[in-house]
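Student: Compact mmCIF, C-alpha atoms, file final.txt:
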# COMPACT_ATOMS: atom_id res chain seq x y z
CA MET A 1 -20.47 162.27 121.10
CA LYS A 2 -22.86 164.11 118.87
CA ASP A 3 -26.51 163.27 119.40
CA ASN A 4 -27.67 162.92 115.80
CA LEU A 5 -30.92 161.65 114.41
CA VAL A 6 -30.04 158.60 112.30
CA VAL A 7 -32.50 157.35 109.68
CA ALA A 8 -31.56 154.66 107.16
CA LYS A 9 -27.89 155.12 108.13
CA LYS A 10 -28.04 158.84 107.30
CA LYS A 11 -27.17 161.32 110.04
CA PHE A 12 -29.10 164.52 110.66
CA ASN A 13 -28.28 167.30 113.10
CA SER A 14 -31.83 168.36 113.86
CA ARG A 15 -34.52 166.11 115.29
CA LEU A 16 -37.21 168.39 113.95
CA ILE A 17 -38.65 167.56 110.54
CA VAL A 18 -40.90 170.18 108.98
CA GLY A 19 -43.52 170.14 106.26
CA THR A 20 -43.53 172.66 103.43
CA GLY A 21 -47.30 172.94 102.98
CA LYS A 22 -49.86 175.59 103.98
CA TYR A 23 -47.52 178.62 103.99
CA LYS A 24 -48.68 181.94 102.54
CA ASN A 25 -45.96 181.78 99.90
CA MET A 26 -42.67 180.12 99.06
CA SER A 27 -40.45 182.75 100.65
CA GLU A 28 -42.33 182.54 103.96
CA CYS A 29 -41.98 178.76 103.81
CA ALA A 30 -38.24 178.93 103.12
CA LYS A 31 -37.60 181.44 105.91
CA ALA A 32 -39.63 179.51 108.50
CA ILE A 33 -37.77 176.32 107.61
CA LYS A 34 -34.42 178.02 107.95
CA LEU A 35 -35.37 179.33 111.39
CA SER A 36 -36.62 175.90 112.50
CA GLY A 37 -33.15 174.47 111.91
CA ALA A 38 -34.66 171.38 110.27
CA ASP A 39 -32.45 169.24 108.03
CA ILE A 40 -35.36 167.31 106.51
CA VAL A 41 -38.46 168.74 104.84
CA THR A 42 -41.45 166.81 103.56
CA VAL A 43 -42.61 167.60 100.04
CA ALA A 44 -45.57 166.53 97.92
CA VAL A 45 -45.57 165.22 94.35
CA ARG A 46 -48.04 166.97 92.08
CA ARG A 47 -48.68 167.77 88.43
CA VAL A 48 -46.65 170.59 86.89
CA ASN A 49 -48.89 173.49 85.87
CA ILE A 50 -48.33 173.41 82.11
CA SER A 51 -50.26 176.59 81.36
CA ASN A 52 -48.64 178.87 83.94
CA LYS A 53 -44.89 178.54 83.53
CA LYS A 54 -44.08 181.48 85.75
CA LYS A 55 -45.34 179.79 88.90
CA PRO A 56 -42.46 179.62 91.41
CA LEU A 57 -40.93 176.21 92.00
CA LEU A 58 -40.19 174.81 95.44
CA MET A 59 -36.68 173.84 94.36
CA ASP A 60 -35.90 177.48 93.59
CA TYR A 61 -36.53 178.35 97.24
CA LEU A 62 -35.27 175.25 99.04
CA ASP A 63 -32.11 173.78 97.58
CA PRO A 64 -32.34 169.96 97.67
CA LYS A 65 -28.55 169.86 97.88
CA LYS A 66 -28.63 171.74 101.18
CA ILE A 67 -31.72 170.25 102.81
CA THR A 68 -33.01 166.68 102.57
CA TYR A 69 -36.26 166.42 100.63
CA LEU A 70 -38.52 163.73 102.00
CA PRO A 71 -41.11 162.95 99.31
CA ASN A 72 -44.44 162.18 100.86
CA THR A 73 -47.55 160.44 99.56
CA ALA A 74 -49.98 162.86 101.22
CA GLY A 75 -53.38 162.65 99.60
CA CYS A 76 -53.04 158.99 98.55
CA PHE A 77 -55.87 156.70 99.57
CA THR A 78 -54.67 153.43 98.01
CA SER A 79 -51.45 151.48 97.97
CA ASP A 80 -51.32 151.77 94.15
CA ASP A 81 -51.48 155.59 94.28
CA ALA A 82 -48.81 155.74 96.98
CA LEU A 83 -46.47 153.43 95.06
CA ARG A 84 -46.98 155.40 91.85
CA THR A 85 -46.25 158.68 93.65
CA LEU A 86 -43.04 157.48 95.28
CA ARG A 87 -41.72 155.79 92.15
CA LEU A 88 -42.20 159.12 90.37
CA ALA A 89 -40.55 160.97 93.25
CA ARG A 90 -37.51 158.72 92.94
CA GLU A 91 -37.39 159.47 89.23
CA ILE A 92 -37.19 163.23 89.77
CA GLY A 93 -33.71 162.82 91.14
CA GLY A 94 -32.90 159.63 92.94
CA TRP A 95 -34.82 160.07 96.16
CA LYS A 96 -34.84 156.78 98.08
CA LEU A 97 -35.67 158.04 101.55
CA VAL A 98 -39.42 158.59 101.46
CA LYS A 99 -42.41 159.08 103.70
CA LEU A 100 -45.33 156.78 103.12
CA GLU A 101 -48.78 157.94 104.05
CA VAL A 102 -51.86 156.04 102.89
CA LEU A 103 -55.02 157.59 104.23
CA GLY A 104 -58.24 155.71 104.90
CA ASP A 105 -60.81 158.38 105.68
CA LYS A 106 -61.26 161.82 104.14
CA LYS A 107 -62.60 163.38 107.35
CA ASN A 108 -60.39 162.13 110.14
CA LEU A 109 -57.40 161.44 107.83
CA PHE A 110 -56.45 158.34 109.78
CA PRO A 111 -54.07 156.02 107.97
CA ASP A 112 -55.36 152.87 106.28
CA MET A 113 -52.95 150.49 107.97
CA ILE A 114 -53.66 147.49 105.73
CA GLU A 115 -52.77 149.45 102.60
CA THR A 116 -49.86 151.08 104.46
CA LEU A 117 -48.41 147.72 105.48
CA LYS A 118 -48.75 146.35 101.95
CA SER A 119 -47.04 149.43 100.46
CA THR A 120 -44.20 149.37 102.99
CA GLU A 121 -43.37 145.82 102.02
CA VAL A 122 -43.36 146.53 98.26
CA LEU A 123 -41.34 149.75 98.57
CA THR A 124 -38.74 148.16 100.83
CA LYS A 125 -38.25 145.37 98.29
CA GLU A 126 -37.79 148.01 95.57
CA GLY A 127 -34.92 149.53 97.54
CA PHE A 128 -36.70 152.49 99.16
CA SER A 129 -36.03 153.51 102.75
CA VAL A 130 -39.55 154.01 104.00
CA MET A 131 -40.54 156.22 106.89
CA VAL A 132 -44.09 155.19 107.67
CA TYR A 133 -46.95 157.34 108.90
CA CYS A 134 -49.09 155.09 111.08
CA ASN A 135 -51.57 154.82 113.86
CA ASP A 136 -50.32 154.82 117.45
CA ASP A 137 -50.86 151.06 117.58
CA PRO A 138 -47.92 149.06 118.95
CA LEU A 139 -48.95 145.87 117.12
CA MET A 140 -49.11 147.59 113.74
CA ALA A 141 -45.83 149.36 114.46
CA LYS A 142 -44.25 145.96 115.04
CA ARG A 143 -45.63 144.61 111.77
CA LEU A 144 -44.26 147.62 109.89
CA GLU A 145 -40.87 146.96 111.45
CA ASN A 146 -41.07 143.31 110.40
CA VAL A 147 -41.60 144.21 106.73
CA GLY A 148 -38.61 146.57 106.70
CA ALA A 149 -39.77 150.10 107.63
CA SER A 150 -36.90 152.57 108.18
CA ALA A 151 -38.79 154.69 110.69
CA ILE A 152 -42.07 154.43 112.58
CA MET A 153 -44.09 157.65 112.47
CA PRO A 154 -47.18 157.39 114.66
CA LEU A 155 -49.67 160.23 114.75
CA ALA A 156 -50.07 162.33 117.88
CA ALA A 157 -53.63 163.16 116.78
CA PRO A 158 -55.42 163.58 113.40
CA ILE A 159 -53.41 165.46 110.74
CA GLY A 160 -53.69 169.22 111.12
CA SER A 161 -55.85 168.95 114.26
CA GLY A 162 -53.34 170.49 116.67
CA LEU A 163 -54.65 168.31 119.51
CA GLY A 164 -51.22 167.19 120.71
CA ILE A 165 -50.24 163.70 121.88
CA LEU A 166 -53.45 161.90 122.78
CA ASN A 167 -52.10 158.52 123.72
CA LYS A 168 -48.81 158.79 125.56
CA VAL A 169 -49.03 155.22 126.82
CA ASN A 170 -49.08 153.75 123.31
CA ILE A 171 -46.17 155.94 122.24
CA LYS A 172 -44.18 154.74 125.27
CA ILE A 173 -44.98 151.11 124.45
CA ILE A 174 -43.87 151.59 120.85
CA ARG A 175 -40.69 153.25 122.11
CA LYS A 176 -39.97 150.28 124.35
CA GLN A 177 -40.44 147.69 121.63
CA THR A 178 -38.50 149.26 118.76
CA LYS A 179 -34.96 150.40 118.08
CA LEU A 180 -36.09 152.02 114.82
CA PRO A 181 -36.30 155.80 114.70
CA LEU A 182 -39.62 156.78 116.25
CA ILE A 183 -40.93 160.09 114.97
CA ILE A 184 -44.19 161.72 115.97
CA ASP A 185 -46.03 162.77 112.84
CA ALA A 186 -49.23 164.82 112.70
CA GLY A 187 -51.48 166.42 115.26
CA ILE A 188 -48.91 168.59 117.03
CA GLY A 189 -50.40 171.96 118.05
CA GLN A 190 -47.75 173.87 119.96
CA ALA A 191 -44.09 173.71 120.91
CA SER A 192 -44.70 171.97 124.25
CA ASP A 193 -46.31 169.02 122.38
CA ALA A 194 -42.98 168.49 120.64
CA THR A 195 -41.15 168.61 123.97
CA ILE A 196 -43.50 165.98 125.38
CA ALA A 197 -42.91 163.75 122.34
CA MET A 198 -39.17 163.96 122.85
CA GLU A 199 -39.52 163.33 126.61
CA LEU A 200 -41.46 160.16 125.83
CA GLY A 201 -38.30 158.97 124.08
CA CYS A 202 -39.16 159.73 120.48
CA ASP A 203 -36.27 160.33 118.11
CA GLY A 204 -37.89 163.22 116.32
CA VAL A 205 -41.01 165.20 115.57
CA LEU A 206 -42.60 166.18 112.27
CA VAL A 207 -44.49 169.47 112.26
CA ASN A 208 -46.21 171.39 109.50
CA THR A 209 -49.52 173.11 110.30
CA ALA A 210 -48.52 174.18 113.82
CA ILE A 211 -45.75 176.33 112.33
CA ALA A 212 -47.25 177.30 108.97
CA LYS A 213 -50.60 178.38 110.42
CA ALA A 214 -49.32 180.00 113.63
CA LYS A 215 -50.02 183.75 113.84
CA LYS A 216 -46.25 184.28 113.73
CA PRO A 217 -44.78 181.35 111.80
CA PHE A 218 -41.17 182.52 112.12
CA GLU A 219 -41.36 182.81 115.90
CA MET A 220 -43.16 179.46 116.11
CA ALA A 221 -40.46 177.84 113.98
CA LYS A 222 -37.86 178.99 116.50
CA ALA A 223 -40.05 177.81 119.39
CA PHE A 224 -40.25 174.32 117.86
CA LYS A 225 -36.51 174.21 117.28
CA ASN A 226 -35.88 174.89 120.96
CA ALA A 227 -38.74 172.67 122.16
CA VAL A 228 -37.32 169.62 120.42
CA ILE A 229 -33.83 170.31 121.81
CA ALA A 230 -35.26 170.83 125.32
CA GLY A 231 -37.30 167.63 125.16
CA ARG A 232 -34.38 165.57 123.95
CA MET A 233 -32.06 166.92 126.67
CA SER A 234 -34.72 166.31 129.30
CA TYR A 235 -35.18 162.72 128.11
CA LEU A 236 -31.44 161.99 128.07
CA SER A 237 -30.99 163.57 131.52
CA GLY A 238 -33.34 161.10 133.21
CA ARG A 239 -36.29 162.57 135.02
CA ILE A 240 -36.95 162.15 138.77
CA GLU A 241 -39.41 159.60 140.13
CA LYS A 242 -42.96 160.78 140.60
CA SER A 243 -44.30 160.68 144.17
CA LEU A 244 -47.72 161.31 145.60
CA MET A 245 -46.53 163.32 148.59
CA GLY A 246 -44.27 166.34 148.91
CA ASN A 247 -40.53 166.02 149.37
CA PRO A 248 -38.83 169.10 150.86
CA THR A 249 -36.14 170.77 148.85
CA SER A 250 -34.28 172.27 151.82
CA PRO A 251 -32.72 170.12 154.60
CA ILE A 252 -34.91 169.49 157.65
CA LYS A 253 -31.85 169.37 159.94
CA GLY A 254 -30.85 172.70 161.48
CA ILE A 255 -34.27 174.33 161.27
CA ILE A 256 -34.42 177.13 163.87
CA MET B 1 -49.77 172.39 50.26
CA LYS B 2 -49.49 169.20 52.24
CA LYS B 3 -51.58 169.24 55.38
CA ILE B 4 -49.60 168.67 58.60
CA LYS B 5 -50.93 165.66 60.43
CA LYS B 6 -51.84 166.34 64.05
CA ILE B 7 -52.36 163.95 66.92
CA LYS B 8 -54.28 164.29 70.15
CA ILE B 9 -52.50 163.68 73.46
CA LYS B 10 -53.33 164.31 77.10
CA VAL B 11 -50.80 166.11 79.27
CA ASN B 12 -51.55 166.48 83.00
CA GLY B 13 -55.23 166.01 82.28
CA LYS B 14 -55.33 168.60 79.45
CA ILE B 15 -55.92 167.64 75.83
CA LEU B 16 -53.30 169.00 73.43
CA LEU B 17 -53.14 168.83 69.65
CA ILE B 18 -49.56 168.38 68.52
CA VAL B 19 -47.70 167.72 65.31
CA ASP B 20 -47.32 164.04 64.52
CA LYS B 21 -43.96 162.32 65.18
CA ILE B 22 -42.86 164.82 67.81
CA THR B 23 -40.71 163.27 70.56
CA LEU B 24 -41.36 163.48 74.28
CA ALA B 25 -38.16 165.53 74.60
CA GLU B 26 -39.47 168.06 72.08
CA LEU B 27 -42.79 168.30 73.89
CA ILE B 28 -41.05 168.97 77.24
CA SER B 29 -38.89 171.63 75.65
CA ASN B 30 -41.87 173.26 73.89
CA LEU B 31 -43.72 173.41 77.21
CA GLN B 32 -40.60 175.04 78.73
CA ILE B 33 -40.43 172.52 81.53
CA PRO B 34 -37.14 172.12 83.45
CA LEU B 35 -36.47 168.42 82.88
CA ARG B 36 -34.09 168.22 85.84
CA LYS B 37 -36.90 169.05 88.27
CA VAL B 38 -39.64 166.72 87.02
CA ALA B 39 -40.56 163.06 86.53
CA LEU B 40 -42.43 161.72 83.53
CA GLU B 41 -45.04 159.07 83.02
CA LEU B 42 -46.31 157.87 79.65
CA ASN B 43 -49.48 155.76 79.67
CA ARG B 44 -48.97 154.97 83.37
CA GLU B 45 -45.37 153.89 82.86
CA ILE B 46 -42.44 155.82 84.31
CA ILE B 47 -40.13 157.04 81.59
CA ASP B 48 -36.36 157.22 81.95
CA LYS B 49 -35.51 160.86 81.26
CA LYS B 50 -32.40 159.79 79.34
CA LYS B 51 -34.52 158.03 76.74
CA ILE B 52 -37.03 160.72 75.86
CA LYS B 53 -35.18 161.95 72.76
CA LYS B 54 -35.99 158.72 71.00
CA LEU B 55 -39.54 158.48 72.23
CA LYS B 56 -42.05 159.49 69.53
CA LEU B 57 -45.52 160.35 70.77
CA LYS B 58 -48.59 158.59 69.40
CA ASN B 59 -52.25 159.51 69.13
CA ASN B 60 -54.10 159.21 72.49
CA ASP B 61 -50.91 159.05 74.58
CA VAL B 62 -51.44 160.10 78.18
CA ILE B 63 -48.54 161.96 79.77
CA GLU B 64 -48.06 163.04 83.36
CA ILE B 65 -45.38 165.54 84.32
CA VAL B 66 -44.90 165.91 88.07
CA HIS B 67 -42.65 167.85 90.41
CA PHE B 68 -42.25 168.60 94.10
CA ILE B 69 -44.46 171.18 95.75
CA GLY B 70 -45.03 172.21 99.36
CA GLY B 71 -46.69 169.55 101.46
CA GLY B 72 -46.78 168.01 104.92
Please lay out the structure from this file as structure tokens.
Tutor:
Amino acid sequence: MKDNLVVAKKKFNSRLIVGTGKYKNMSECAKAIKLSGADIVTVAVRRVNISNKKKPLLMDYLDPKKITYLPNTAGCFTSDDALRTLRLAREIGGWKLVKLEVLGDKKNLFPDMIETLKSTEVLTKEGFSVMVYCNDDPLMAKRLENVGASAIMPLAAPIGSGLGILNKVNIKIIRKQTKLPLIIDAGIGQASDATIAMELGCDGVLVNTAIAKAKKPFEMAKAFKNAVIAGRMSYLSGRIEKSLMGNPTSPIKGII
Amino acid sequence: MKKIKKIKIKVNGKILLIVDKITLAELISNLQIPLRKVALELNREIIDKKKIKKLKLKNNDVIEIVHFIGGG
């Protein structure tokens, strides 16, 4: 049986989702994404530059027929702004699978969970499949699930911080309580962080800055691809029990 | 000679003076914007792209034209 990532009844081969922001240029972005093996990319909705028509368009570099665009509400600080952004995103070409992100603080970029919860409920009623960026709070994750979220996306650490998974216990608790896709979003710094996320039982990992701002983005994209696969295989294989004392690897019997 | 009446509209935050009775479709085509890749909002309301040929712009209309760009 193939071990796909399934979100809102759609199947994806890769469990790595990558962002398309912060790259030096569009061709670097497209190449890094190709090397990462990701099937889903997050994209932002912004004004068209009406005075400079020659500016390259994302869609010219990443074909939305070949890779799933996940419109994101990055930069929205109120429910109204997030709803407006995603309704526009849907209008561009029928995107229903979206990522909701309503921020509450300009410095730490933590999500405003009250606005997030409100938006999730409205969007779900409007027929969107909403993947929700949230705090690593099991109670809030449960409430998001109750109002119809399609995926729970807790942060590992503040967006772009590269600190890695700060609260493994909470992630494990969320994993235990939900059958929804659980995807770590934000705060990943290096490939091993993605492996740890997968070993905790997450269904996927979303990475942007850690690849885009690495000294060698192409190599880092490949590292993340393999890290997610390794973590998933490790999780499915069932790790050994931890013990305080040593346990010899070679038989004691027959020692000379 | 009859003076051509112009109206003032705002597109993506920029004020433009355009000929009166122009449609939203004509504006998009004049701005050379690929309609397939954008979404449109007129006075905070999302506009169905199929209906823009019949949509005449009025003085003080506020238009937003958005598309996808790189983001996390």
Student: List as a list in words the protein and nucleic acid residues near B:Lys58, meaning an atom at most 9 Å away when only C-alpha atoms are counted, but skip any in the same chain fewer than 3 places from it.
Tutor: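 So, after excluding close chain neighbours, the residues are Ile7, Lys8, Ile9, Asp20, Lys21, Ile22 and Asp61 of chain B.
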Student: With C-alpha atoms kept, could you save the residues just selected as a PDB file, in the coordinates of the input?
Tutor:
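Generated file (again02.pdb):
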ATOM      1  CA  ILE B   7     -52.360 163.950  66.920  1.00  0.00           C
ATOM      2  CA  LYS B   8     -54.280 164.290  70.150  1.00  0.00           C
ATOM      3  CA  ILE B   9     -52.500 163.680  73.460  1.00  0.00           C
ATOM      4  CA  ASP B  20     -47.320 164.040  64.520  1.00  0.00           C
ATOM      5  CA  LYS B  21     -43.960 162.320  65.180  1.00  0.00           C
ATOM      6  CA  ILE B  22     -42.860 164.820  67.810  1.00  0.00           C
ATOM      7  CA  ASP B  61     -50.910 159.050  74.580  1.00  0.00           C
TER       8      ASP B  61
END
Student: Report, in Å with one decimal, the straight-line distance from atom CA of A:Ser14 to atom CA of A:Ser36.
Tutor: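 According to the coordinates, atom CA of A:Ser14 and atom CA of A:Ser36 are separated by 9.0 Å.
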Student: Could you tell me which residues of chain A sit within 7 Å of chain B when counting only C-alpha atoms, and give me the result as an mmCIF file with C-alpha atoms, in the frame of the given file?
Tutor:
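Saved to selection-v9.cif:
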data_model
loop_
_atom_site.group_PDB
_atom_site.id
_atom_site.type_symbol
_atom_site.label_atom_id
_atom_site.label_comp_id
_atom_site.auth_asym_id
_atom_site.auth_seq_id
_atom_site.Cartn_x
_atom_site.Cartn_y
_atom_site.Cartn_z
ATOM 1 C CA GLY A 19 -43.520 170.140 106.260
ATOM 2 C CA THR A 20 -43.530 172.660 103.430
ATOM 3 C CA GLY A 21 -47.300 172.940 102.980
ATOM 4 C CA THR A 42 -41.450 166.810 103.560
ATOM 5 C CA VAL A 43 -42.610 167.600 100.040
ATOM 6 C CA ALA A 44 -45.570 166.530 97.920
ATOM 7 C CA VAL A 45 -45.570 165.220 94.350
ATOM 8 C CA ARG A 46 -48.040 166.970 92.080
ATOM 9 C CA ARG A 47 -48.680 167.770 88.430
ATOM 10 C CA VAL A 48 -46.650 170.590 86.890
ATOM 11 C CA ILE A 50 -48.330 173.410 82.110
ATOM 12 C CA LEU A 58 -40.190 174.810 95.440
ATOM 13 C CA LEU A 88 -42.200 159.120 90.370
ATOM 14 C CA GLU A 91 -37.390 159.470 89.230
ATOM 15 C CA ILE A 92 -37.190 163.230 89.770
ATOM 16 C CA ASN A 208 -46.210 171.390 109.500
#
Student: Residues at most 7 Å from A:Ser150, counting all atoms listed in the file, excluding those fewer than 4 positions away in the same chain, as a VMD selection string?
Tutor: chain A and resid 7 to 8 129 to 131 180
